[in-house]
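Reviewing the structure listed below.
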Amino acid sequence: MTKYKLLKNRIKKNEGYKSFAYFDQLGFPTIGYGHLIKPNEKKFFTKKFSKKYLLNLFNLDFNEAIVQYEKHYHKFNFSNNIKEVLIEMIFQLGINGQKKFLKMNNHLKKKQVFMASLEMINSLWYYQTPKRVDDLINILLKRHNEKKAK
C-alpha cells in the first residue's frame, strides 16, 4: 500500500478518466487522469493508449506534484491535510498556478485554515471547479476541527 493511496484515488476520481485526447473545460488538451498534453506530446492525438500506459503517466504527474510540493512547501512542516490539499492543487493547476494563491498560501503558513478556505472560495478556480474546491475545503476544515477536538 502506497503512502498516498487515498490521495491518488481522490485525484483520479476528481479528474475522471478518458482514454483519448480531449479538451478540458478551459480548452487545454488532456488525456488519461487529467494529464495536460504538452506541445511536444502530439502523439496523444494520433493513436490510442492503454489504461496501463495512462496510469503510469498519472503516476509520473503525481510524483511531479510531490516533487514540487517538497521543493516549495516542505520547509513549512504542514499537517497532512494541508499537504494533501496543496499536492492536489499542484496536480490540477501546476505549481505556477498554485503559487498564484498568495493570500491562501500565507494563511496556511500561519495555520489559518479558515481564512485560507475563504481565499479558495474567492477565486476563479472555485468558479471553474466548485465541487472539487468544496471537497478540498472540507478536508482542511474537518480534519482541522477533529484535531482540535482531541
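Labels for the C-alpha cells follow display order: chains A, B, ..., residues from 1 in each chain, ligands from 1.
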
Residues within 10 Å of stretch 96-106 of chain A, please, as a list of chain:residue names. Count only C-alpha atoms; anything in the same chain fewer than 6 positions from it doesn't count.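 Listed by chain and then number, they are A:Gln68, A:His72, A:Tyr73, A:Leu86, A:Ile87, A:Glu88, A:Met89, A:Ile90, A:Gln112, A:Val113, A:Phe114, A:Met115, A:Ala116, A:Ser117, A:Leu118, A:Glu119, A:Met120, A:Asn122, A:Ser123, A:Trp125.
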
Env of stretch 30-35 of chain A: 6 Å cut, atoms = only C-alpha atoms, seq-sep filter 2 positions within chain, self excluded. Answer as number ranges by chain. A: 12, 15-23, 37, 54

Take the residues just selected and output them with N, CA, C and O atoms as a PDB file, in the first residue's frame.
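selection_26.pdb, written as the output of this step:
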```pdb
ATOM      1  N   LYS A  12      -7.673  10.885  -8.891  1.00  0.00           N
ATOM      2  CA  LYS A  12      -8.163  10.178 -10.080  1.00  0.00           C
ATOM      3  C   LYS A  12      -9.681  10.338 -10.207  1.00  0.00           C
ATOM      4  O   LYS A  12     -10.195  10.580 -11.305  1.00  0.00           O
ATOM      5  N   GLU A  15     -10.418  13.931 -11.302  1.00  0.00           N
ATOM      6  CA  GLU A  15     -10.006  14.200 -12.676  1.00  0.00           C
ATOM      7  C   GLU A  15     -10.884  13.475 -13.689  1.00  0.00           C
ATOM      8  O   GLU A  15     -11.101  13.966 -14.779  1.00  0.00           O
ATOM      9  N   GLY A  16     -11.354  12.280 -13.319  1.00  0.00           N
ATOM     10  CA  GLY A  16     -12.041  11.457 -14.299  1.00  0.00           C
ATOM     11  C   GLY A  16     -11.009  10.820 -15.221  1.00  0.00           C
ATOM     12  O   GLY A  16      -9.819  11.101 -15.140  1.00  0.00           O
ATOM     13  N   TYR A  17     -11.478   9.949 -16.096  1.00  0.00           N
ATOM     14  CA  TYR A  17     -10.563   9.231 -16.978  1.00  0.00           C
ATOM     15  C   TYR A  17     -11.114   9.212 -18.394  1.00  0.00           C
ATOM     16  O   TYR A  17     -12.294   8.932 -18.602  1.00  0.00           O
ATOM     17  N   LYS A  18     -10.239   9.514 -19.341  1.00  0.00           N
ATOM     18  CA  LYS A  18     -10.573   9.375 -20.753  1.00  0.00           C
ATOM     19  C   LYS A  18      -9.369   8.777 -21.458  1.00  0.00           C
ATOM     20  O   LYS A  18      -8.240   9.245 -21.287  1.00  0.00           O
ATOM     21  N   SER A  19      -9.618   7.730 -22.242  1.00  0.00           N
ATOM     22  CA  SER A  19      -8.535   7.031 -22.924  1.00  0.00           C
ATOM     23  C   SER A  19      -8.123   7.729 -24.220  1.00  0.00           C
ATOM     24  O   SER A  19      -7.242   7.259 -24.921  1.00  0.00           O
ATOM     25  N   PHE A  20      -8.750   8.842 -24.506  1.00  0.00           N
ATOM     26  CA  PHE A  20      -8.443   9.583 -25.731  1.00  0.00           C
ATOM     27  C   PHE A  20      -8.201  11.052 -25.381  1.00  0.00           C
ATOM     28  O   PHE A  20      -8.635  11.538 -24.332  1.00  0.00           O
ATOM     29  N   ALA A  21      -7.505  11.733 -26.261  1.00  0.00           N
ATOM     30  CA  ALA A  21      -7.226  13.153 -26.055  1.00  0.00           C
ATOM     31  C   ALA A  21      -8.516  13.958 -26.191  1.00  0.00           C
ATOM     32  O   ALA A  21      -9.359  13.670 -27.032  1.00  0.00           O
ATOM     33  N   TYR A  22      -8.665  14.938 -25.325  1.00  0.00           N
ATOM     34  CA  TYR A  22      -9.834  15.819 -25.354  1.00  0.00           C
ATOM     35  C   TYR A  22      -9.408  17.188 -24.832  1.00  0.00           C
ATOM     36  O   TYR A  22      -8.303  17.352 -24.324  1.00  0.00           O
ATOM     37  N   PHE A  23     -10.280  18.161 -24.965  1.00  0.00           N
ATOM     38  CA  PHE A  23     -10.003  19.495 -24.442  1.00  0.00           C
ATOM     39  C   PHE A  23     -10.827  19.698 -23.181  1.00  0.00           C
ATOM     40  O   PHE A  23     -12.048  19.497 -23.192  1.00  0.00           O
ATOM     41  N   ILE A  37      -1.612  17.660 -21.947  1.00  0.00           N
ATOM     42  CA  ILE A  37      -0.782  17.317 -23.097  1.00  0.00           C
ATOM     43  C   ILE A  37       0.079  18.523 -23.457  1.00  0.00           C
ATOM     44  O   ILE A  37      -0.432  19.599 -23.754  1.00  0.00           O
ATOM     45  N   LEU A  54      -1.573   4.997 -19.490  1.00  0.00           N
ATOM     46  CA  LEU A  54      -2.082   6.268 -18.969  1.00  0.00           C
ATOM     47  C   LEU A  54      -2.037   6.314 -17.442  1.00  0.00           C
ATOM     48  O   LEU A  54      -1.866   7.384 -16.863  1.00  0.00           O
TER      49      LEU A  54
END
```

Within 9 Å of A:Phe91, counting only C-alpha atoms, which residues qualify if same-chain residues fewer than 5 places away don't, as an MDAnalysis selection string? chainID A and resid 11 34 61:62 64:66 86

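For the atom pair formed by atom CA of A:Lys110 and atom CA of A:Ser79, the distance is 11.9 Å, given to one decimal.
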
Among the residues A:Leu60, A:Leu93, A:Tyr53, A:Lys109, the one that comes closest to A:His74 [using only C-alpha atoms]: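 Of the candidates, the smallest distance to A:His74 is held by A:Lys109.
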
Excluding A:Ile139 and its own-chain neighbours fewer than 2 positions away, which residues fall within 12 Å of it when counting only C-alpha atoms? Please give them as a PyMOL selection string. chain A and resi 7+10+79-86+88+113-114+117+132-137+141-147

Take the residues just selected and output them with N, CA and C atoms as a PDB file, in the first residue's frame.
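Saved file part02.pdb follows:
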```pdb
ATOM      1  N   LEU A   7      -5.027   9.696  -1.439  1.00  0.00           N
ATOM      2  CA  LEU A   7      -4.908  10.955  -2.182  1.00  0.00           C
ATOM      3  C   LEU A   7      -4.914  10.683  -3.680  1.00  0.00           C
ATOM      4  N   ARG A  10      -8.375   9.840  -4.775  1.00  0.00           N
ATOM      5  CA  ARG A  10      -9.238  11.028  -4.795  1.00  0.00           C
ATOM      6  C   ARG A  10      -8.947  11.879  -6.029  1.00  0.00           C
ATOM      7  N   SER A  79       0.620  20.128   8.224  1.00  0.00           N
ATOM      8  CA  SER A  79      -0.103  18.920   8.607  1.00  0.00           C
ATOM      9  C   SER A  79      -0.420  18.128   7.332  1.00  0.00           C
ATOM     10  N   ASN A  80      -0.795  16.870   7.514  1.00  0.00           N
ATOM     11  CA  ASN A  80      -1.106  16.028   6.353  1.00  0.00           C
ATOM     12  C   ASN A  80      -2.259  16.576   5.530  1.00  0.00           C
ATOM     13  N   ASN A  81      -3.272  17.152   6.194  1.00  0.00           N
ATOM     14  CA  ASN A  81      -4.411  17.663   5.428  1.00  0.00           C
ATOM     15  C   ASN A  81      -4.004  18.836   4.537  1.00  0.00           C
ATOM     16  N   ILE A  82      -3.208  19.744   5.059  1.00  0.00           N
ATOM     17  CA  ILE A  82      -2.744  20.872   4.237  1.00  0.00           C
ATOM     18  C   ILE A  82      -1.858  20.351   3.116  1.00  0.00           C
ATOM     19  N   LYS A  83      -0.980  19.439   3.439  1.00  0.00           N
ATOM     20  CA  LYS A  83      -0.078  18.865   2.439  1.00  0.00           C
ATOM     21  C   LYS A  83      -0.866  18.228   1.292  1.00  0.00           C
ATOM     22  N   GLU A  84      -1.884  17.429   1.620  1.00  0.00           N
ATOM     23  CA  GLU A  84      -2.676  16.769   0.585  1.00  0.00           C
ATOM     24  C   GLU A  84      -3.429  17.769  -0.286  1.00  0.00           C
ATOM     25  N   VAL A  85      -3.984  18.800   0.324  1.00  0.00           N
ATOM     26  CA  VAL A  85      -4.708  19.815  -0.444  1.00  0.00           C
ATOM     27  C   VAL A  85      -3.749  20.520  -1.395  1.00  0.00           C
ATOM     28  N   LEU A  86      -2.570  20.877  -0.909  1.00  0.00           N
ATOM     29  CA  LEU A  86      -1.604  21.548  -1.774  1.00  0.00           C
ATOM     30  C   LEU A  86      -1.131  20.635  -2.902  1.00  0.00           C
ATOM     31  N   GLU A  88      -2.813  18.218  -4.298  1.00  0.00           N
ATOM     32  CA  GLU A  88      -3.892  18.120  -5.284  1.00  0.00           C
ATOM     33  C   GLU A  88      -4.012  19.400  -6.101  1.00  0.00           C
ATOM     34  N   VAL A 113      -6.507  27.975   8.640  1.00  0.00           N
ATOM     35  CA  VAL A 113      -7.189  27.227   7.586  1.00  0.00           C
ATOM     36  C   VAL A 113      -8.539  27.823   7.209  1.00  0.00           C
ATOM     37  N   PHE A 114      -9.209  28.463   8.133  1.00  0.00           N
ATOM     38  CA  PHE A 114     -10.498  29.083   7.809  1.00  0.00           C
ATOM     39  C   PHE A 114     -10.303  30.237   6.827  1.00  0.00           C
ATOM     40  N   SER A 117      -9.392  28.886   3.492  1.00  0.00           N
ATOM     41  CA  SER A 117     -10.585  28.362   2.822  1.00  0.00           C
ATOM     42  C   SER A 117     -11.375  29.477   2.147  1.00  0.00           C
ATOM     43  N   ARG A 132     -14.985  20.327  -6.469  1.00  0.00           N
ATOM     44  CA  ARG A 132     -13.640  19.901  -6.075  1.00  0.00           C
ATOM     45  C   ARG A 132     -13.080  20.820  -4.996  1.00  0.00           C
ATOM     46  N   VAL A 133     -13.227  22.104  -5.178  1.00  0.00           N
ATOM     47  CA  VAL A 133     -12.714  23.054  -4.184  1.00  0.00           C
ATOM     48  C   VAL A 133     -13.463  22.884  -2.867  1.00  0.00           C
ATOM     49  N   ASP A 134     -14.785  22.723  -2.927  1.00  0.00           N
ATOM     50  CA  ASP A 134     -15.549  22.471  -1.694  1.00  0.00           C
ATOM     51  C   ASP A 134     -15.039  21.229  -0.971  1.00  0.00           C
ATOM     52  N   ASP A 135     -14.763  20.175  -1.736  1.00  0.00           N
ATOM     53  CA  ASP A 135     -14.236  18.947  -1.122  1.00  0.00           C
ATOM     54  C   ASP A 135     -12.892  19.196  -0.449  1.00  0.00           C
ATOM     55  N   LEU A 136     -12.034  19.967  -1.095  1.00  0.00           N
ATOM     56  CA  LEU A 136     -10.719  20.264  -0.505  1.00  0.00           C
ATOM     57  C   LEU A 136     -10.860  21.143   0.740  1.00  0.00           C
ATOM     58  N   ILE A 137     -11.778  22.081   0.693  1.00  0.00           N
ATOM     59  CA  ILE A 137     -12.038  22.921   1.869  1.00  0.00           C
ATOM     60  C   ILE A 137     -12.532  22.050   3.020  1.00  0.00           C
ATOM     61  N   LEU A 141     -11.006  21.853   6.761  1.00  0.00           N
ATOM     62  CA  LEU A 141     -11.779  22.229   7.944  1.00  0.00           C
ATOM     63  C   LEU A 141     -12.147  21.036   8.816  1.00  0.00           C
ATOM     64  N   LYS A 142     -12.564  19.948   8.221  1.00  0.00           N
ATOM     65  CA  LYS A 142     -12.965  18.777   9.003  1.00  0.00           C
ATOM     66  C   LYS A 142     -11.789  18.230   9.801  1.00  0.00           C
ATOM     67  N   ARG A 143     -10.710  18.031   9.142  1.00  0.00           N
ATOM     68  CA  ARG A 143      -9.548  17.479   9.843  1.00  0.00           C
ATOM     69  C   ARG A 143      -8.996  18.466  10.850  1.00  0.00           C
ATOM     70  N   HIS A 144      -9.109  19.747  10.534  1.00  0.00           N
ATOM     71  CA  HIS A 144      -8.649  20.764  11.480  1.00  0.00           C
ATOM     72  C   HIS A 144      -9.497  20.718  12.748  1.00  0.00           C
ATOM     73  N   ASN A 145     -10.814  20.615  12.570  1.00  0.00           N
ATOM     74  CA  ASN A 145     -11.716  20.560  13.717  1.00  0.00           C
ATOM     75  C   ASN A 145     -11.522  19.277  14.514  1.00  0.00           C
ATOM     76  N   GLU A 146     -11.315  18.146  13.819  1.00  0.00           N
ATOM     77  CA  GLU A 146     -11.094  16.880  14.515  1.00  0.00           C
ATOM     78  C   GLU A 146      -9.816  16.949  15.359  1.00  0.00           C
ATOM     79  N   LYS A 147      -8.791  17.556  14.804  1.00  0.00           N
ATOM     80  CA  LYS A 147      -7.520  17.662  15.516  1.00  0.00           C
ATOM     81  C   LYS A 147      -7.688  18.510  16.769  1.00  0.00           C
TER      82      LYS A 147
END
```
